[in-house]
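Asks: Below is one structure. I have some questions about it.
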Amino acid sequence: MKLLYIHGLGSDSNSRKYLNLKDYFKKQFRFDCLEWKNDSNISQLLDEAEKMLESEDKIILVGDSTGANFAYQLRERLKEKGKNSVLIMTSPLMNIDDRIANFEFPENIIPQLWKIENPENALIIASRKDEVLNQKPLFEKSLNTIELIEVDDTHRLENFRNYLPEIKNYLQSEL
């Protein structure tokens with residue numbers, strides 16, 4: 001079983017959350033990380049990820065922040081091809097308009113993001129105290145088939161290790 005991690009802005013395969021997942025789940029999954037940069041062609045990277053996942057029976061997609069948006073896009077692409085996957089999003093960037101941070105966001109990435117208004121079939125871990133993204137809309141609307149875990153944390157989810165048992169429980173219910 002393959003777990004594909006898609007990191008957030010400014011990160012890479014050395015992401016703390018990715019390393020925490022690998023350490024916690026050890027040999028339960030085969031791990032891979034879809035690395036992207038500010039000048040990446042996301043559609044092309046998602047094409048490559050689709051090809052890599054073609055032969056997989058069970059797929060777990062974990063996306064963090066901007067990577068959660070890309071993970072959602074990949075899940076929808078896979079679904080169109082009849083492939084099921086389990087989606088986990090942490091501090092997800094669902095809509096660029098919900099950004100409250102005042103640092104510059106890469107212009108190249110903005111048109112490659114989806115506006116995800118009604119996410120479905122996923123585990124979302126988010127904080128109302130997120131200082132980068134306004135996550136309040138997630139908590140204020142009725143979400144269909146979403147397991148939403150509210151955490152008392154920052155955007156970076158400094159306490160991510162504490163949420164790994166919740167992720168494990170979700171995976172056990174979905175796989």
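Starting from 1 in every chain, residues are counted up; chains themselves are A, B, ... following the order of the structure tokens, and ligands are numbered from 1 as listed.
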Please list as a PDB file with C-alpha atoms, in the first residue's frame every residue within 7 Å of Leu74 in chain A, counting only C-alpha atoms and excluding residues in the same chain fewer than 4 positions away.

Replies:
ATOM      1  CA  LEU A  46       0.023  15.344 -10.964  1.00  0.00           C
ATOM      2  CA  PHE A  70      -2.883  19.382  -4.880  1.00  0.00           C
ATOM      3  CA  LEU A  78      -7.746   9.231  -9.789  1.00  0.00           C
TER       4      LEU A  78
END

Asks: Residues of range 95-137 of chain A within 9 Å of range 57-69 of chain A: nearest atom pair and distance (Å, one decimal) for each, counting only C-alpha atoms, sorted by chain and number, as JSON lines?

Replies:
{"residue": "A:Asn95", "atom": "CA", "partner": "A:Asn69", "partner_atom": "CA", "distance": 8.6}
{"residue": "A:Leu113", "atom": "CA", "partner": "A:Asn69", "partner_atom": "CA", "distance": 6.6}
{"residue": "A:Trp114", "atom": "CA", "partner": "A:Asn69", "partner_atom": "CA", "distance": 6.7}
{"residue": "A:Lys115", "atom": "CA", "partner": "A:Asn69", "partner_atom": "CA", "distance": 8.5}
{"residue": "A:Ile116", "atom": "CA", "partner": "A:Asn69", "partner_atom": "CA", "distance": 7.8}
{"residue": "A:Leu133", "atom": "CA", "partner": "A:Ser65", "partner_atom": "CA", "distance": 8.7}

Asks: Those selected residues, please, written with N, CA and C atoms and delivered as a short mmCIF file (atom, residue, chain, number, x, y, z; two decimals), in the first residue's frame.

Replies:
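Below is the file that was written, part_11.cif:
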data_model
loop_
_atom_site.label_atom_id
_atom_site.label_comp_id
_atom_site.auth_asym_id
_atom_site.auth_seq_id
_atom_site.Cartn_x
_atom_site.Cartn_y
_atom_site.Cartn_z
N ASN A 95 -9.04 27.51 -0.46
CA ASN A 95 -9.40 28.66 -1.27
C ASN A 95 -8.35 29.74 -1.02
N LEU A 113 -4.20 26.36 -8.39
CA LEU A 113 -4.99 25.95 -7.22
C LEU A 113 -6.46 25.83 -7.58
N TRP A 114 -7.13 24.92 -6.95
CA TRP A 114 -8.59 24.83 -7.08
C TRP A 114 -9.22 25.59 -5.92
N LYS A 115 -10.43 26.08 -6.17
CA LYS A 115 -11.27 26.58 -5.07
C LYS A 115 -12.14 25.41 -4.64
N ILE A 116 -11.86 24.87 -3.49
CA ILE A 116 -12.58 23.69 -3.01
C ILE A 116 -13.59 24.17 -1.97
N LEU A 133 -3.99 30.66 7.18
CA LEU A 133 -5.25 30.49 6.45
C LEU A 133 -6.42 30.64 7.41
#

Asks: With a cut-off of 8 Å, could you pull out the residues of range 65-173 of chain A touching range 15-37 of chain A and give me the nearest pair of atoms for each, distance in Å to one decimal, using only C-alpha atoms, ordered by chain and ascending number, as JSON lines?

Replies:
{"residue": "A:Phe160", "atom": "CA", "partner": "A:Lys17", "partner_atom": "CA", "distance": 6.7}
{"residue": "A:Arg161", "atom": "CA", "partner": "A:Asn20", "partner_atom": "CA", "distance": 6.5}
{"residue": "A:Leu164", "atom": "CA", "partner": "A:Tyr24", "partner_atom": "CA", "distance": 7.3}

Asks: Applying 9 Å and only C-alpha atoms, which residues near Ser127 in chain A remain after dropping the ones on its own chain fewer than 5 positions away? List them as a list in words.

Replies: Ser91, Gln135, Lys136, Ile149, Glu150, Val151, Asp152, Asp153, Thr154, His155 and Leu157 of chain A

Asks: Generate the output file for the selected residues, C-alpha atoms, as an mmCIF file, in the first residue's frame.

Replies:
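Saved to out-v2.cif:
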data_model
loop_
_atom_site.group_PDB
_atom_site.id
_atom_site.type_symbol
_atom_site.label_atom_id
_atom_site.label_comp_id
_atom_site.auth_asym_id
_atom_site.auth_seq_id
_atom_site.Cartn_x
_atom_site.Cartn_y
_atom_site.Cartn_z
ATOM 1 C CA SER A 91 -4.155 22.799 7.497
ATOM 2 C CA GLN A 135 -9.952 27.891 8.528
ATOM 3 C CA LYS A 136 -13.180 29.117 10.154
ATOM 4 C CA ILE A 149 -10.572 17.212 13.651
ATOM 5 C CA GLU A 150 -10.199 20.590 15.299
ATOM 6 C CA VAL A 151 -6.835 21.006 16.985
ATOM 7 C CA ASP A 152 -5.457 23.713 19.235
ATOM 8 C CA ASP A 153 -2.358 24.411 17.149
ATOM 9 C CA THR A 154 -0.756 26.696 14.567
ATOM 10 C CA HIS A 155 -0.787 26.372 10.783
ATOM 11 C CA LEU A 157 0.736 21.826 13.320
#

Asks: Could you pull out the alpha helix (DSSP H) residues of range 48-137 of chain A from DSSP and send them as a PyMOL selection string?

Replies: chain A and resi 48-53+66-80+136-137

Asks: I'd like the contact shell of Ile100 in chain A - 7 Å cut-off, only C-alpha atoms, skipping same-chain residues fewer than 3 positions apart - returned as a list in words.

Replies: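 Final neighbour list, sorted by chain and number: Glu131, Val132, Leu133 and Asn134 of chain A.
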
Asks: Taking the backbone alone, and naming residues the way the document does, which bits of range 1-173 of chain A are strand (DSSP E or B) by DSSP, as an MDAnalysis selection string?

Replies: chainID A and resid 2:6 30:34 59:64 86:90 99 120:126 133 144:150
